[in-house]
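Worksheet: the structure to be examined is printed underneath.
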Amino acid sequence: MKCIFSPSAIPAFNLAAEEYLFSTPGEYLLLYVNTTSIIIGYNQAVVNEVDLDFCIENDIRIIRRLSGGGAVYHDSGNLNYSFISDKKEAPLSADFLLPVIYVLQQLDIPAGIGKRKDLWLPGGYKISGTASHVSKGRVLHHGTLLYESNLENLRRSLNPEKRNFVAKATASVPSPVKNISSFLKEEQKETPPFDEFVNRFANEMITCFGLAGLTSFSTADVEAIEILRRNKYSQREWNYKM
């Protein structure tokens with residue numbers, strides 16, 4: 001496995017990076033932090049999921065991802081993780097979350113796996129939504145980790161006037177959420193700044209998988225990802241196709 005921390009905070013670049021690694025032989029863990037954005041599932045309709053006026057007023061980009069599932073909010077207080085590998089013989093399960101659970105426990109964060117392959121804190125608060133994509137013998141599992149996100153922006157941006165304008169589209173399932181940093185403060189535990197949390201998470205993942213360290217994208221990798229970003233993930237035809 002290679003563990004890569006994306007050099008970019010541009011949502012379209014990082015979603016393109018996921019697709020690029022998905023089509024590249026090998027096993028990868030991609031970590032990234034996006035600027036403020038809404039990432040919607042492959043089969044979702046933007047008008048069903050997003051308050052467009054609020055997003056326009058607050059410069060919140062809307063990007064469609066490769067996987068299914070519901071809409072999620074990203075910003076500079078949210079860490080994203082993507083596991084990409086060849087598909088195993090066993091059916092899809094929540095086992096991909098076990099390393100994440102282990103690493104969070106090392107950081108004194110007692111997360112558990114929910115019914116929809118998501119992560120929850122004690123008290124019934126969701127901190128990580130996940131989604132998967134399977135094609136041509138490859139599998140992508142990715143998820144979010146709310147550490148110190150702007151939850152007011154999250155609630156307002158994912159609050160459309162109606163959720164049934166496009167009946168055939170997949171609907172999100174709203175859940176109560178909480179930032180990990182808020183939980184740690186409430187429990188009177190050490191609450192590192194976001195950048196330190198990200199570094200600790202990455203280092204614990206490297207240790208968990210027995211890796212020598214982080215791997216960087218090559219110049220050729222970045223060029224290929226940029227082409228995919230420009231031609232797909234930055235295009236209105238892709239992002240607003242429903």
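Each chain in the structure tokens gets a letter, A, B, ..., in the order shown, and its residues are numbered from 1; ligands are numbered from 1 in order too.
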Can you list, as an MDAnalysis selection string, every protein, DNA or RNA residue that comes within 12 Å of A:Thr36 when you count only C-alpha atoms, leaving out same-chain residues fewer than 6 positions away?
chainID A and resid 9:12 55:56 58:63 72:79 149:151 153:154 157
Resulting file, chosen residues, N, CA and C atoms, as an mmCIF file, in the first residue's frame:
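Just written: again26.cif:
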data_model
loop_
_atom_site.group_PDB
_atom_site.id
_atom_site.type_symbol
_atom_site.label_atom_id
_atom_site.label_comp_id
_atom_site.auth_asym_id
_atom_site.auth_seq_id
_atom_site.Cartn_x
_atom_site.Cartn_y
_atom_site.Cartn_z
ATOM 1 N N ALA A 9 -5.951 21.374 -2.012
ATOM 2 C CA ALA A 9 -7.203 21.486 -1.265
ATOM 3 C C ALA A 9 -8.370 21.788 -2.204
ATOM 4 N N ILE A 10 -8.147 21.658 -3.505
ATOM 5 C CA ILE A 10 -9.193 21.913 -4.494
ATOM 6 C C ILE A 10 -10.072 20.665 -4.611
ATOM 7 N N PRO A 11 -11.372 20.758 -4.307
ATOM 8 C CA PRO A 11 -12.233 19.570 -4.327
ATOM 9 C C PRO A 11 -12.203 18.812 -5.653
ATOM 10 N N ALA A 12 -12.255 19.531 -6.774
ATOM 11 C CA ALA A 12 -12.258 18.866 -8.078
ATOM 12 C C ALA A 12 -10.966 18.092 -8.310
ATOM 13 N N CYS A 55 -25.351 28.385 -1.015
ATOM 14 C CA CYS A 55 -24.041 27.992 -1.537
ATOM 15 C C CYS A 55 -23.453 29.073 -2.452
ATOM 16 N N ILE A 56 -24.289 29.683 -3.279
ATOM 17 C CA ILE A 56 -23.817 30.753 -4.156
ATOM 18 C C ILE A 56 -23.351 31.950 -3.329
ATOM 19 N N ASN A 58 -22.225 32.018 -0.382
ATOM 20 C CA ASN A 58 -21.071 31.727 0.461
ATOM 21 C C ASN A 58 -19.935 31.041 -0.297
ATOM 22 N N ASP A 59 -20.010 31.067 -1.622
ATOM 23 C CA ASP A 59 -18.939 30.541 -2.479
ATOM 24 C C ASP A 59 -18.609 29.084 -2.141
ATOM 25 N N ILE A 60 -19.655 28.277 -2.009
ATOM 26 C CA ILE A 60 -19.499 26.852 -1.715
ATOM 27 C C ILE A 60 -19.672 26.068 -3.010
ATOM 28 N N ARG A 61 -18.597 25.441 -3.468
ATOM 29 C CA ARG A 61 -18.639 24.676 -4.716
ATOM 30 C C ARG A 61 -19.414 23.375 -4.525
ATOM 31 N N ILE A 62 -20.054 22.910 -5.593
ATOM 32 C CA ILE A 62 -20.785 21.640 -5.585
ATOM 33 C C ILE A 62 -20.136 20.731 -6.619
ATOM 34 N N ILE A 63 -19.649 19.587 -6.158
ATOM 35 C CA ILE A 63 -18.920 18.654 -7.023
ATOM 36 C C ILE A 63 -19.547 17.267 -6.899
ATOM 37 N N VAL A 72 -22.378 15.244 1.247
ATOM 38 C CA VAL A 72 -21.592 15.568 2.438
ATOM 39 C C VAL A 72 -20.969 16.951 2.286
ATOM 40 N N TYR A 73 -20.681 17.548 3.423
ATOM 41 C CA TYR A 73 -20.074 18.875 3.477
ATOM 42 C C TYR A 73 -18.594 18.743 3.800
ATOM 43 N N HIS A 74 -17.762 19.438 3.044
ATOM 44 C CA HIS A 74 -16.322 19.467 3.295
ATOM 45 C C HIS A 74 -15.886 20.901 3.588
ATOM 46 N N ASP A 75 -14.928 21.059 4.470
ATOM 47 C CA ASP A 75 -14.254 22.339 4.638
ATOM 48 C C ASP A 75 -12.895 22.091 5.268
ATOM 49 N N SER A 76 -12.221 23.167 5.656
ATOM 50 C CA SER A 76 -10.849 23.041 6.144
ATOM 51 C C SER A 76 -10.744 22.481 7.556
ATOM 52 N N GLY A 77 -11.862 22.059 8.141
ATOM 53 C CA GLY A 77 -11.835 21.372 9.429
ATOM 54 C C GLY A 77 -12.270 19.924 9.319
ATOM 55 N N ASN A 78 -12.259 19.401 8.103
ATOM 56 C CA ASN A 78 -12.727 18.041 7.823
ATOM 57 C C ASN A 78 -11.630 17.278 7.081
ATOM 58 N N LEU A 79 -11.277 16.113 7.592
ATOM 59 C CA LEU A 79 -10.272 15.256 6.955
ATOM 60 C C LEU A 79 -10.973 14.152 6.180
ATOM 61 N N SER A 149 -15.294 21.286 11.761
ATOM 62 C CA SER A 149 -15.996 21.881 10.629
ATOM 63 C C SER A 149 -17.007 22.927 11.095
ATOM 64 N N ASN A 150 -17.398 23.791 10.172
ATOM 65 C CA ASN A 150 -18.431 24.782 10.428
ATOM 66 C C ASN A 150 -19.789 24.088 10.291
ATOM 67 N N LEU A 151 -20.354 23.651 11.405
ATOM 68 C CA LEU A 151 -21.585 22.868 11.352
ATOM 69 C C LEU A 151 -22.796 23.714 10.967
ATOM 70 N N ASN A 153 -22.709 26.058 8.614
ATOM 71 C CA ASN A 153 -22.654 26.009 7.148
ATOM 72 C C ASN A 153 -23.085 24.649 6.621
ATOM 73 N N LEU A 154 -22.698 23.599 7.326
ATOM 74 C CA LEU A 154 -23.104 22.247 6.931
ATOM 75 C C LEU A 154 -24.623 22.138 6.897
ATOM 76 N N SER A 157 -26.253 24.584 4.136
ATOM 77 C CA SER A 157 -25.982 24.236 2.740
ATOM 78 C C SER A 157 -26.686 22.949 2.326
#
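Excluding A:Ser218 and any residue on its chain fewer than 4 positions from it, the residues at most 12 Å away by only C-alpha atoms are Ile4, Ser6, Pro7, Val222, Glu223, Ala224 and Ile225 of chain A.
As for atom CA of A:Tyr147 and atom CA of A:Phe83, they are spaced 19.6 Å apart.
Closest approach to A:Pro99 among A:Glu196, A:Asp221, A:Leu29, A:Asp53: A:Leu29, based on only C-alpha atoms.
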Excluding A:Tyr125 and any residue of its chain fewer than 6 positions from it, enumerate the residues within 12 Å of it, using only C-alpha atoms, and give them as a list in words.
Pro110, Ala111, Gly112, Ile113, Gly114, Asp118, Leu119, Leu146, Pro174, Ser175, Pro176, Val177, Lys178, Asn179, Ile180, Ser182 and Phe183 of chain A
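Atom to atom, atom CA of A:Glu237 and atom CA of A:Ala71 stand 18.0 Å apart.
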Applying 9 Å and only C-alpha atoms, which residues near A:Tyr240 remain after dropping the ones on its own chain fewer than 4 positions away? List them as a list in words.
Ala45, Val46, Ile62, Ile63, Arg64, Gln235 and Arg236 of chain A
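Between A:Arg65 and the residues A:Asp108, A:Glu19, A:Glu49, A:Asp95, the shortest atom-to-atom distance, using only C-alpha atoms, involves A:Glu19.
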List every residue of stretch 2-240 of chain A that DSSP, applied to the backbone of this structure, places in alpha helix (DSSP H), and write the result as a PDB file with C-alpha atoms, in the first residue's frame.
ATOM      1  CA  PRO A  11     -12.233  19.570  -4.327  1.00  0.00           C
ATOM      2  CA  ALA A  12     -12.258  18.866  -8.078  1.00  0.00           C
ATOM      3  CA  PHE A  13      -8.568  17.916  -7.972  1.00  0.00           C
ATOM      4  CA  ASN A  14      -9.008  15.496  -5.082  1.00  0.00           C
ATOM      5  CA  LEU A  15     -12.043  13.775  -6.586  1.00  0.00           C
ATOM      6  CA  ALA A  16     -10.078  13.466  -9.824  1.00  0.00           C
ATOM      7  CA  ALA A  17      -7.177  12.022  -7.817  1.00  0.00           C
ATOM      8  CA  GLU A  18      -9.484   9.349  -6.423  1.00  0.00           C
ATOM      9  CA  GLU A  19     -10.603   8.352  -9.914  1.00  0.00           C
ATOM     10  CA  TYR A  20      -7.021   8.418 -11.187  1.00  0.00           C
ATOM     11  CA  LEU A  21      -5.828   6.086  -8.414  1.00  0.00           C
ATOM     12  CA  PHE A  22      -8.900   3.905  -8.945  1.00  0.00           C
ATOM     13  CA  VAL A  46     -28.307  18.843  -6.790  1.00  0.00           C
ATOM     14  CA  VAL A  47     -31.696  20.552  -6.335  1.00  0.00           C
ATOM     15  CA  ASN A  48     -32.806  17.753  -3.982  1.00  0.00           C
ATOM     16  CA  GLU A  49     -29.793  18.058  -1.711  1.00  0.00           C
ATOM     17  CA  LEU A  52     -28.269  26.651  -3.966  1.00  0.00           C
ATOM     18  CA  ASP A  53     -28.828  30.255  -2.888  1.00  0.00           C
ATOM     19  CA  PHE A  54     -26.860  29.742   0.321  1.00  0.00           C
ATOM     20  CA  CYS A  55     -24.041  27.992  -1.537  1.00  0.00           C
ATOM     21  CA  ILE A  56     -23.817  30.753  -4.156  1.00  0.00           C
ATOM     22  CA  GLU A  57     -23.818  33.481  -1.489  1.00  0.00           C
ATOM     23  CA  LEU A  98     -11.442  -1.037  10.987  1.00  0.00           C
ATOM     24  CA  PRO A  99      -8.111   0.795  10.443  1.00  0.00           C
ATOM     25  CA  VAL A 100      -9.905   4.121  10.899  1.00  0.00           C
ATOM     26  CA  ILE A 101     -11.486   2.878  14.146  1.00  0.00           C
ATOM     27  CA  TYR A 102      -8.087   1.640  15.344  1.00  0.00           C
ATOM     28  CA  VAL A 103      -6.350   4.926  14.575  1.00  0.00           C
ATOM     29  CA  LEU A 104      -9.089   6.991  16.228  1.00  0.00           C
ATOM     30  CA  GLN A 105      -8.796   4.822  19.326  1.00  0.00           C
ATOM     31  CA  GLN A 106      -5.059   5.529  19.412  1.00  0.00           C
ATOM     32  CA  LEU A 151     -21.585  22.868  11.352  1.00  0.00           C
ATOM     33  CA  GLU A 152     -23.825  25.883  10.767  1.00  0.00           C
ATOM     34  CA  ASN A 153     -22.654  26.009   7.148  1.00  0.00           C
ATOM     35  CA  LEU A 154     -23.104  22.247   6.931  1.00  0.00           C
ATOM     36  CA  ARG A 155     -26.728  22.425   8.078  1.00  0.00           C
ATOM     37  CA  ARG A 156     -27.644  25.418   5.946  1.00  0.00           C
ATOM     38  CA  SER A 157     -25.982  24.236   2.740  1.00  0.00           C
ATOM     39  CA  ILE A 180     -14.623  15.424  17.151  1.00  0.00           C
ATOM     40  CA  SER A 181     -12.946  18.462  18.736  1.00  0.00           C
ATOM     41  CA  SER A 182     -16.183  19.387  20.544  1.00  0.00           C
ATOM     42  CA  PHE A 183     -16.508  15.846  21.882  1.00  0.00           C
ATOM     43  CA  LEU A 184     -12.912  15.859  23.145  1.00  0.00           C
ATOM     44  CA  LYS A 185     -13.449  19.183  24.916  1.00  0.00           C
ATOM     45  CA  GLU A 186     -16.666  17.942  26.512  1.00  0.00           C
ATOM     46  CA  PHE A 194      -6.739  20.442  13.330  1.00  0.00           C
ATOM     47  CA  ASP A 195      -3.337  20.356  11.606  1.00  0.00           C
ATOM     48  CA  GLU A 196      -1.889  18.350  14.488  1.00  0.00           C
ATOM     49  CA  PHE A 197      -4.851  15.954  14.433  1.00  0.00           C
ATOM     50  CA  VAL A 198      -4.315  15.422  10.699  1.00  0.00           C
ATOM     51  CA  ASN A 199      -0.591  14.726  11.190  1.00  0.00           C
ATOM     52  CA  ARG A 200      -1.275  12.304  14.022  1.00  0.00           C
ATOM     53  CA  PHE A 201      -3.946  10.524  11.998  1.00  0.00           C
ATOM     54  CA  ALA A 202      -1.618  10.162   9.005  1.00  0.00           C
ATOM     55  CA  ASN A 203       1.279   8.923  11.155  1.00  0.00           C
ATOM     56  CA  GLU A 204      -0.925   6.388  12.940  1.00  0.00           C
ATOM     57  CA  MET A 205      -2.186   5.115   9.578  1.00  0.00           C
ATOM     58  CA  ILE A 206       1.398   4.724   8.378  1.00  0.00           C
ATOM     59  CA  THR A 207       2.198   2.730  11.527  1.00  0.00           C
ATOM     60  CA  CYS A 208      -1.007   0.677  11.272  1.00  0.00           C
ATOM     61  CA  THR A 219       4.791  15.062 -11.836  1.00  0.00           C
ATOM     62  CA  ALA A 220       3.152  12.704 -14.326  1.00  0.00           C
ATOM     63  CA  ASP A 221       0.479  11.797 -11.744  1.00  0.00           C
ATOM     64  CA  VAL A 222      -0.378  15.450 -11.149  1.00  0.00           C
ATOM     65  CA  GLU A 223      -0.548  16.169 -14.889  1.00  0.00           C
ATOM     66  CA  ALA A 224      -2.954  13.246 -15.426  1.00  0.00           C
ATOM     67  CA  ILE A 225      -5.092  14.276 -12.434  1.00  0.00           C
ATOM     68  CA  GLU A 226      -5.234  17.861 -13.693  1.00  0.00           C
ATOM     69  CA  ILE A 227      -6.506  16.698 -17.089  1.00  0.00           C
ATOM     70  CA  LEU A 228      -9.263  14.711 -15.361  1.00  0.00           C
ATOM     71  CA  ARG A 236     -21.022  21.790 -15.083  1.00  0.00           C
ATOM     72  CA  GLU A 237     -22.190  18.941 -17.337  1.00  0.00           C
ATOM     73  CA  TRP A 238     -20.803  16.448 -14.782  1.00  0.00           C
ATOM     74  CA  ASN A 239     -21.560  18.222 -11.533  1.00  0.00           C
TER      75      ASN A 239
END
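Here atom CA of A:Thr130 stands at a distance of 25.0 Å from atom CA of A:Gly213.
Shortest atom-to-atom contact with A:Ser128 among A:Leu145, A:Ala212, A:Cys3, A:Leu66: A:Leu145, counting only C-alpha atoms.
Using only C-alpha atoms for every distance, the candidate list A:Leu31, A:Lys88, A:Ser37, A:Asp51 yields A:Lys88 as the residue closest to A:Lys136.
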Could you pull out all residues of chain A with a DSSP call of strand (DSSP E) and give them as number ranges by chain?
A: 2-5, 28-32, 37-40, 61-64, 72-74, 78-86, 112-113, 119-121, 125-128, 130-135, 138-146
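Minimum distance to A:Thr215 across A:Phe96, A:Phe5, A:Trp120, A:Tyr32 (counting only C-alpha atoms) occurs at A:Phe5.
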Just want the 12 Å neighbourhood of A:Lys115, counted on only C-alpha atoms, with same-chain residues fewer than 6 positions away dropped. Output as a ChimeraX atom specification.
/A:93-94,126,129-130
Keeping only N, CA, C and O atoms, write the selected residues to a file as a PDB file, in the first residue's frame.
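Writing done, so here's part_10.pdb:
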ATOM      1  N   SER A  93     -18.215  -4.930   2.772  1.00  0.00           N
ATOM      2  CA  SER A  93     -18.573  -4.840   4.185  1.00  0.00           C
ATOM      3  C   SER A  93     -18.001  -3.553   4.755  1.00  0.00           C
ATOM      4  O   SER A  93     -17.426  -2.735   4.039  1.00  0.00           O
ATOM      5  N   ALA A  94     -18.151  -3.405   6.070  1.00  0.00           N
ATOM      6  CA  ALA A  94     -17.606  -2.221   6.745  1.00  0.00           C
ATOM      7  C   ALA A  94     -16.184  -2.450   7.233  1.00  0.00           C
ATOM      8  O   ALA A  94     -15.643  -1.617   7.968  1.00  0.00           O
ATOM      9  N   LYS A 126     -22.955  11.484  14.555  1.00  0.00           N
ATOM     10  CA  LYS A 126     -22.196  11.002  13.409  1.00  0.00           C
ATOM     11  C   LYS A 126     -20.992  11.898  13.162  1.00  0.00           C
ATOM     12  O   LYS A 126     -21.101  13.125  13.184  1.00  0.00           O
ATOM     13  N   GLY A 129     -19.355  10.076   7.348  1.00  0.00           N
ATOM     14  CA  GLY A 129     -20.174   9.402   6.359  1.00  0.00           C
ATOM     15  C   GLY A 129     -19.267   8.753   5.325  1.00  0.00           C
ATOM     16  O   GLY A 129     -18.179   9.264   5.039  1.00  0.00           O
ATOM     17  N   THR A 130     -19.683   7.622   4.783  1.00  0.00           N
ATOM     18  CA  THR A 130     -18.849   6.908   3.820  1.00  0.00           C
ATOM     19  C   THR A 130     -19.650   6.543   2.571  1.00  0.00           C
ATOM     20  O   THR A 130     -20.882   6.565   2.569  1.00  0.00           O
TER      21      THR A 130
END
